[in-house]
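Written out below as structure tokens is the structure these notes cover.
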Amino acid sequence: MQTKTAAKKTATPKKQTRTVENPEPALKEFFTDELKDIYWAEKKLVTTLPKMKKAATSEELKTAIGDHLETTKGHVTRLEQAFELLGKKAQAKKCEAMEGILKEGDSILEDTEAGSATRDVGIILASQKVEHYEIATYGALAQLAETLGLNEIKELLGQTLSEEKEADQLLTDVAENSINYEALEEVEA
């Protein structure tokens, strides 16, 4: 004869564990929502980078920004491919973080003199803030894609992650090789 306590133990269902092949639907929904967020950010950058290029003085910086604009267009295309692989329409959801970083970039342009190396330093600083946000986002999304078993999407996100890291390093090189030192020589008007 079982006691009430023993009966309770046998009546309690075992906790079900999920595997990579059977992820929680909430995680996939969260992942998709974050793709919408970075999709908005990348599309916004496609319209913002030409403004930054125009504001730059250094030809090296203008070239770096122009090249990254073309790369960013490819990021948009990759994200559209990711949505397609998920069987969803590519949708953008306003990225509050990117909007804030870009507003800060606008403020840097307002607070620095046109044609100055100091403005170029500010453009590099603002651009690297963007890159670091993107690096963090793509790194996390690639890991989530792996967890969800979305290997093709993980590869797409990983390609973009590598390009964002390259862009960040290029900006560092441009700053360290010339622009920071040129700005050091400028005097306040």
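In the structure tokens, chains take letters A, B, ... by order of appearance, with residues numbered from 1 within each chain and ligands from 1 in the order shown.
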
Quick one: residues within 8 Å of Leu35 in chain A, only C-alpha atoms, excluding same-chain residues fewer than 4 positions away - as number ranges by chain? A: 31, 39, 79, 141

May I have a table of the residues of range 55-138 of chain A lying at most 12 Å from range 165-187 of chain A, giving each one's closest pair of atoms and their distance in Å to one decimal, counting only C-alpha atoms, ordered by chain and ascending residue number, as JSON lines?
```
{"residue": "A:Ala56", "atom": "CA", "partner": "A:Ile179", "partner_atom": "CA", "distance": 10.9}
{"residue": "A:Thr57", "atom": "CA", "partner": "A:Ile179", "partner_atom": "CA", "distance": 9.7}
{"residue": "A:Ser58", "atom": "CA", "partner": "A:Ile179", "partner_atom": "CA", "distance": 7.7}
{"residue": "A:Glu59", "atom": "CA", "partner": "A:Val174", "partner_atom": "CA", "distance": 10.4}
{"residue": "A:Glu60", "atom": "CA", "partner": "A:Val174", "partner_atom": "CA", "distance": 7.1}
{"residue": "A:Leu61", "atom": "CA", "partner": "A:Val174", "partner_atom": "CA", "distance": 6.8}
{"residue": "A:Lys62", "atom": "CA", "partner": "A:Val174", "partner_atom": "CA", "distance": 10.6}
{"residue": "A:Thr63", "atom": "CA", "partner": "A:Val174", "partner_atom": "CA", "distance": 10.6}
{"residue": "A:Ala64", "atom": "CA", "partner": "A:Leu170", "partner_atom": "CA", "distance": 7.5}
{"residue": "A:Ile65", "atom": "CA", "partner": "A:Ala167", "partner_atom": "CA", "distance": 9.0}
{"residue": "A:Gly66", "atom": "CA", "partner": "A:Ala167", "partner_atom": "CA", "distance": 11.3}
{"residue": "A:Asp67", "atom": "CA", "partner": "A:Ala167", "partner_atom": "CA", "distance": 9.3}
{"residue": "A:His68", "atom": "CA", "partner": "A:Ala167", "partner_atom": "CA", "distance": 7.0}
{"residue": "A:Leu69", "atom": "CA", "partner": "A:Ala167", "partner_atom": "CA", "distance": 10.6}
{"residue": "A:Glu70", "atom": "CA", "partner": "A:Ala167", "partner_atom": "CA", "distance": 11.8}
{"residue": "A:Thr71", "atom": "CA", "partner": "A:Ala167", "partner_atom": "CA", "distance": 9.4}
{"residue": "A:Thr72", "atom": "CA", "partner": "A:Ala167", "partner_atom": "CA", "distance": 10.4}
{"residue": "A:Thr112", "atom": "CA", "partner": "A:Ala183", "partner_atom": "CA", "distance": 11.3}
{"residue": "A:Glu113", "atom": "CA", "partner": "A:Glu186", "partner_atom": "CA", "distance": 10.8}
{"residue": "A:Gly115", "atom": "CA", "partner": "A:Ala183", "partner_atom": "CA", "distance": 11.0}
{"residue": "A:Ser116", "atom": "CA", "partner": "A:Ala183", "partner_atom": "CA", "distance": 7.4}
{"residue": "A:Ala117", "atom": "CA", "partner": "A:Ala183", "partner_atom": "CA", "distance": 4.7}
{"residue": "A:Thr118", "atom": "CA", "partner": "A:Ala183", "partner_atom": "CA", "distance": 4.9}
{"residue": "A:Arg119", "atom": "CA", "partner": "A:Ala183", "partner_atom": "CA", "distance": 8.4}
{"residue": "A:Asp120", "atom": "CA", "partner": "A:Ile179", "partner_atom": "CA", "distance": 6.9}
{"residue": "A:Val121", "atom": "CA", "partner": "A:Asn180", "partner_atom": "CA", "distance": 6.3}
{"residue": "A:Gly122", "atom": "CA", "partner": "A:Asn180", "partner_atom": "CA", "distance": 9.9}
{"residue": "A:Ile123", "atom": "CA", "partner": "A:Leu171", "partner_atom": "CA", "distance": 9.7}
{"residue": "A:Ile124", "atom": "CA", "partner": "A:Leu171", "partner_atom": "CA", "distance": 6.2}
{"residue": "A:Leu125", "atom": "CA", "partner": "A:Leu171", "partner_atom": "CA", "distance": 8.7}
{"residue": "A:Ala126", "atom": "CA", "partner": "A:Leu171", "partner_atom": "CA", "distance": 10.5}
{"residue": "A:Ser127", "atom": "CA", "partner": "A:Leu171", "partner_atom": "CA", "distance": 7.9}
{"residue": "A:Gln128", "atom": "CA", "partner": "A:Asp168", "partner_atom": "CA", "distance": 5.9}
{"residue": "A:Lys129", "atom": "CA", "partner": "A:Asp168", "partner_atom": "CA", "distance": 9.1}
{"residue": "A:Val130", "atom": "CA", "partner": "A:Asp168", "partner_atom": "CA", "distance": 9.1}
{"residue": "A:Glu131", "atom": "CA", "partner": "A:Asp168", "partner_atom": "CA", "distance": 5.9}
{"residue": "A:His132", "atom": "CA", "partner": "A:Asp168", "partner_atom": "CA", "distance": 7.5}
{"residue": "A:Tyr133", "atom": "CA", "partner": "A:Asp168", "partner_atom": "CA", "distance": 10.8}
{"residue": "A:Glu134", "atom": "CA", "partner": "A:Lys165", "partner_atom": "CA", "distance": 9.0}
{"residue": "A:Ile135", "atom": "CA", "partner": "A:Lys165", "partner_atom": "CA", "distance": 6.6}
{"residue": "A:Ala136", "atom": "CA", "partner": "A:Lys165", "partner_atom": "CA", "distance": 10.1}
{"residue": "A:Thr137", "atom": "CA", "partner": "A:Lys165", "partner_atom": "CA", "distance": 11.9}
{"residue": "A:Tyr138", "atom": "CA", "partner": "A:Lys165", "partner_atom": "CA", "distance": 10.4}
```

Using backbone DSSP assignments, extract all helix (DSSP H, G or I) residues from range 6-168 of chain A; output them as a PyMOL selection string. chain A and resi 6-11+25-55+59-86+96-111+117-147+151-168

Ranking A:Leu148, A:Leu109, A:Leu161, A:Leu156 by minimum distance to Lys54 in chain A and counting only C-alpha atoms, which one comes first? A:Leu109

Non-local contacts of Glu152 in chain A (9 Å; only C-alpha atoms; under 4 positions in same chain excluded) as a list of chain:residue names: A:Ala82, A:Leu85, A:Ala145, A:Leu156, A:Leu157

Those same residues - C-alpha atoms - I'd like them written as a JSON list (two decimals), in the first residue's frame.
```json
[["chain", "number", "residue", "atom", "x", "y", "z"],
["A", 82, "ALA", "CA", 18.12, 34.81, -42.96],
["A", 85, "LEU", "CA", 15.50, 30.72, -44.36],
["A", 145, "ALA", "CA", 21.33, 30.48, -34.41],
["A", 156, "LEU", "CA", 25.39, 34.21, -42.71],
["A", 157, "LEU", "CA", 25.61, 36.01, -39.37]]
```

Might you pull out every residue within 10 Å of Lys28 in chain A, with only C-alpha atoms counted and same-chain residues fewer than 4 positions away left off, and present them as a VMD selection string? chain A and resid 23 to 24 32 to 34 86 144 to 145 147 to 148 150

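One finds CA of Trp40 in chain A at 28.8 Å from CA of Ala114 in chain A.
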
CA of Glu80 in chain A to CA of Glu42 in chain A, distance in Å rounded to a single decimal: 11.1 Å

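Reported to one decimal place, the separation of CA of Ala140 in chain A from CA of Lys154 in chain A is 10.2 Å.
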